[in-house]
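Read through the structure below, which is laid out as C-alpha cells, and then see the notes.
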Amino acid sequence: MYDSYTELILPFGSSVQLLEEYTNAHGGIRTGKLMEHLDSLAGSIAYKHMLGPKVETLGRIHERGFYIVTASVDRLDILTNLDPSRDLRLSGQVIYTGRSSMEVAVKMESIGGHQPEVTVLLGRFSMVCRDANTHKARQVNTLSISTPEEHALYSLGEGIKRRRLSVAERSLDRVPPTSAEAKELHSFYLTHGQHEEHPKKQDAGRVWMGDTSIEKCMLMFPQERNVHQKVFGGYLMRLAYELGFTNGSMFVRGPMHFLSLDSISFAQPVPIGSILRLTSTILHSTMPSPEHPLTVHVGVTANVVDVKTGAEHTTNEFRFTWCKDMTEEDPQVIARKVVPRTYKEAMLWLEGKRALELGDQIRGIRYHATT
C-alpha cells in the first residue's frame, strides 16, 4: 500500500515569490489553487499504484494501454486555519481498490518554521481506470496490506465506498424525501415560503433560491489540458470554488472561511475548445449559532454548451460549505435564509440540509476527539 505514497512540498515559508502567486485578497492562501494540486496529486498516486513506484514518467497513454480519471471527490475537510508563513506538504496514497476503482486519501500539513506539524486538511478522491482503446473499465492492481495501520486504512476505504453507494441510493434524484424531511420542509414553507406579496416579520432576511444564482461562461483553452487532452479536473475545481465563494460572500454579505468540499461528481470530460457555463446557487443556509454564525451550502453546476444548437449537458456538480467570518468591523450577523420556490429547488434545499448535517457531525466528532 505504501508504494503509492506521494508527496508535494509548497515552500511558502521560504519562497516569497511562490507565496505571492498563491496569496488571496485577504492575505491567506488561495484554496482553489490548492485544489488543483490535490487533484493532480490524486492522479499521480493512482498512476503510481498502477505503474509501480520506480516509474517516473507516464509516457503515451495508448502505449500504456490505460488511463485514469477522477470519478468523484467525496470530501475535503478543513481541520484548522492554514498558516501562510509555513511550508505546506500535500501527500496521499491509495487505501482501497475495487475491480476498476481506487480510493485515494490525501492530506495537507503545515510543516517547518520550528513548530510541530499540523494537519490542515483531509480528503478522499475516487479514481477509475479505463482501457485506452475501448474506454471501458479496466482492472486495477490489488493492494498488498502488511501492517495494522494499512489494514485500518483499507477498512476505512472500504467503508467510504459503501457509504458512497448508500448515499447514491438515498439521493432525492431517485427516491422521495423521508417523512421527517417532508414534514420539516412543509413547516419551513408555512413559515417562510408564503406571504410573497405582503411579507411578515418572520420573512425578514428571506432570499428566494432562484434569486441567488450567478453564472460565468468561459472558453476552454489547451493550456489547461490534462494527459488525456481534456480540460484538467483540478482547473474545473478551482473555477467552481472561486465562483461558489463569490456567490456565498454576496449572500452572507461579508468574508467567509472554507469548511468543506462536500462532493464533486465528474459525469463527462470537458473538451478543449468548448464553452463552459458555470452556475452557482445557494442551496441551504443555517441560522446563526455560537460556533458558526451563518453557514451556507453552495452548489455549482458545470455545463458544456453546444454553440451550433445551444444545447447544454452537465459535466460536473460541485458542493461546498462556507461559514461567515465574525469581524470587529462587522460584529452583527444578518440572519439571511434561502427559501425554495419550486419542487426541484425544495429537493436541492433538502440535499443541502443533509450535507450540512453530515458536515456538522464530522466536525463535531473531530472537535470532541481533540478536547
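Following the order of the C-alpha cells, first chain is A, next is B, and so on, with residues numbered from 1 inside each chain and ligands from 1 in the order they appear.
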### Ala168 of chain A surroundings by only C-alpha atoms, 12 Å radius, close-in-sequence under 6 positions cut, as a ChimeraX atom specification
/A:74,161-162,174-175,263,265,351
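Within segment 85-173 of chain A, the backbone-based DSSP assignment of alpha helix (DSSP H) covers Pro148, Glu149, Glu150, His151, Ala152, Leu153, Tyr154, Ser155, Leu156, Gly157, Glu158, Gly159, Ile160, Lys161, Arg162, Arg163, Arg164, Leu165, Ser166, Val167, Ala168 and Glu169 of chain A.
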Return as a Markdown table the residues of segment 213-278 of chain A lying at most 7 Å from segment 34-51 of chain A, together with the closest atom-to-atom pair for each and the distance in Å to one decimal, counting only C-alpha atoms, with rows in chain order and ascending residue number.
| residue | atom | partner | partner_atom | distance |
| --- | --- | --- | --- | --- |
| A:Gly233 | CA | A:Asp39 | CA | 7.0 |
| A:Gly234 | CA | A:Glu36 | CA | 3.9 |
| A:Tyr235 | CA | A:Glu36 | CA | 5.7 |
| A:Met237 | CA | A:Met35 | CA | 6.5 |
| A:Arg238 | CA | A:Glu36 | CA | 6.4 |
Restrict the selected residues to C-alpha atoms and save them as a PDB file, in the first residue's frame.
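Saved to part_10.pdb:
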ATOM      1  CA  GLY A 233     -10.268  18.434 -13.467  1.00  0.00           C
ATOM      2  CA  GLY A 234      -8.328  20.415 -10.885  1.00  0.00           C
ATOM      3  CA  TYR A 235      -8.736  23.540 -13.003  1.00  0.00           C
ATOM      4  CA  MET A 237     -12.398  22.578  -9.231  1.00  0.00           C
ATOM      5  CA  ARG A 238     -10.675  25.942  -8.871  1.00  0.00           C
TER       6      ARG A 238
END
Practice problem: Fewer than 5 positions away in the same chain doesn't count, so skip those; otherwise give me all residues within 10 Å of Lys353 of chain A, counting only C-alpha atoms, as a list of chain:residue names. | Solution: A:Glu181, A:Leu283, A:His284, A:Ser285, A:Thr286, A:Val296, A:His297, A:Met347, A:Leu348, A:Leu358, A:Gly359
Please save N, CA and C atoms of the selected residues as a PDB file, in the first residue's frame.
ATOM      1  N   GLU A 181     -38.251  14.538   6.712  1.00  0.00           N
ATOM      2  CA  GLU A 181     -37.799  15.626   5.847  1.00  0.00           C
ATOM      3  C   GLU A 181     -38.991  16.348   5.219  1.00  0.00           C
ATOM      4  N   LEU A 283     -27.850  26.731  -1.885  1.00  0.00           N
ATOM      5  CA  LEU A 283     -28.810  25.645  -1.733  1.00  0.00           C
ATOM      6  C   LEU A 283     -29.390  25.546  -0.332  1.00  0.00           C
ATOM      7  N   HIS A 284     -28.630  25.959   0.672  1.00  0.00           N
ATOM      8  CA  HIS A 284     -29.133  25.890   2.051  1.00  0.00           C
ATOM      9  C   HIS A 284     -28.332  26.857   2.916  1.00  0.00           C
ATOM     10  N   SER A 285     -28.969  27.375   3.921  1.00  0.00           N
ATOM     11  CA  SER A 285     -28.286  28.239   4.887  1.00  0.00           C
ATOM     12  C   SER A 285     -28.814  27.916   6.268  1.00  0.00           C
ATOM     13  N   THR A 286     -27.944  28.033   7.255  1.00  0.00           N
ATOM     14  CA  THR A 286     -28.338  27.747   8.634  1.00  0.00           C
ATOM     15  C   THR A 286     -28.517  29.043   9.399  1.00  0.00           C
ATOM     16  N   VAL A 296     -23.358  28.463   4.881  1.00  0.00           N
ATOM     17  CA  VAL A 296     -24.053  28.311   3.608  1.00  0.00           C
ATOM     18  C   VAL A 296     -23.505  27.108   2.854  1.00  0.00           C
ATOM     19  N   HIS A 297     -24.433  26.392   2.225  1.00  0.00           N
ATOM     20  CA  HIS A 297     -24.076  25.272   1.350  1.00  0.00           C
ATOM     21  C   HIS A 297     -24.343  25.727  -0.075  1.00  0.00           C
ATOM     22  N   MET A 347     -36.028  20.047  -3.334  1.00  0.00           N
ATOM     23  CA  MET A 347     -35.178  18.853  -3.233  1.00  0.00           C
ATOM     24  C   MET A 347     -33.704  19.254  -3.068  1.00  0.00           C
ATOM     25  N   LEU A 348     -33.286  20.308  -3.776  1.00  0.00           N
ATOM     26  CA  LEU A 348     -31.922  20.806  -3.607  1.00  0.00           C
ATOM     27  C   LEU A 348     -31.717  21.350  -2.198  1.00  0.00           C
ATOM     28  N   LEU A 358     -24.314  16.393   7.840  1.00  0.00           N
ATOM     29  CA  LEU A 358     -23.175  15.473   7.824  1.00  0.00           C
ATOM     30  C   LEU A 358     -21.893  16.210   8.172  1.00  0.00           C
ATOM     31  N   GLY A 359     -21.710  17.402   7.611  1.00  0.00           N
ATOM     32  CA  GLY A 359     -20.520  18.189   7.927  1.00  0.00           C
ATOM     33  C   GLY A 359     -20.442  18.555   9.396  1.00  0.00           C
TER      34      GLY A 359
END
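Excluding Glu150 of chain A itself and any same-chain residue fewer than 2 positions from it, the protein and nucleic acid residues within 12 Å of it, counting only C-alpha atoms, are Met1, Tyr2, Asp3, Gln93, Val94, Ile95, Tyr96, Leu143, Ser144, Ile145, Ser146, Thr147, Pro148, Ala152, Leu153, Tyr154, Ser155, Leu156 and Gly157 of chain A.
Near segment 182-189 of chain A, within 10 Å and counting only C-alpha atoms, sit A:Pro176, A:Val339, A:Pro340, A:Arg341, A:Ala346, A:Met347, A:Trp349, A:Leu350, not including residues fewer than 6 positions from it in the same chain.
Closest approach to Arg363 of chain A among A:Lys107, A:Leu259, A:His26, A:Thr119 is made by A:Leu259 (distances from only C-alpha atoms).
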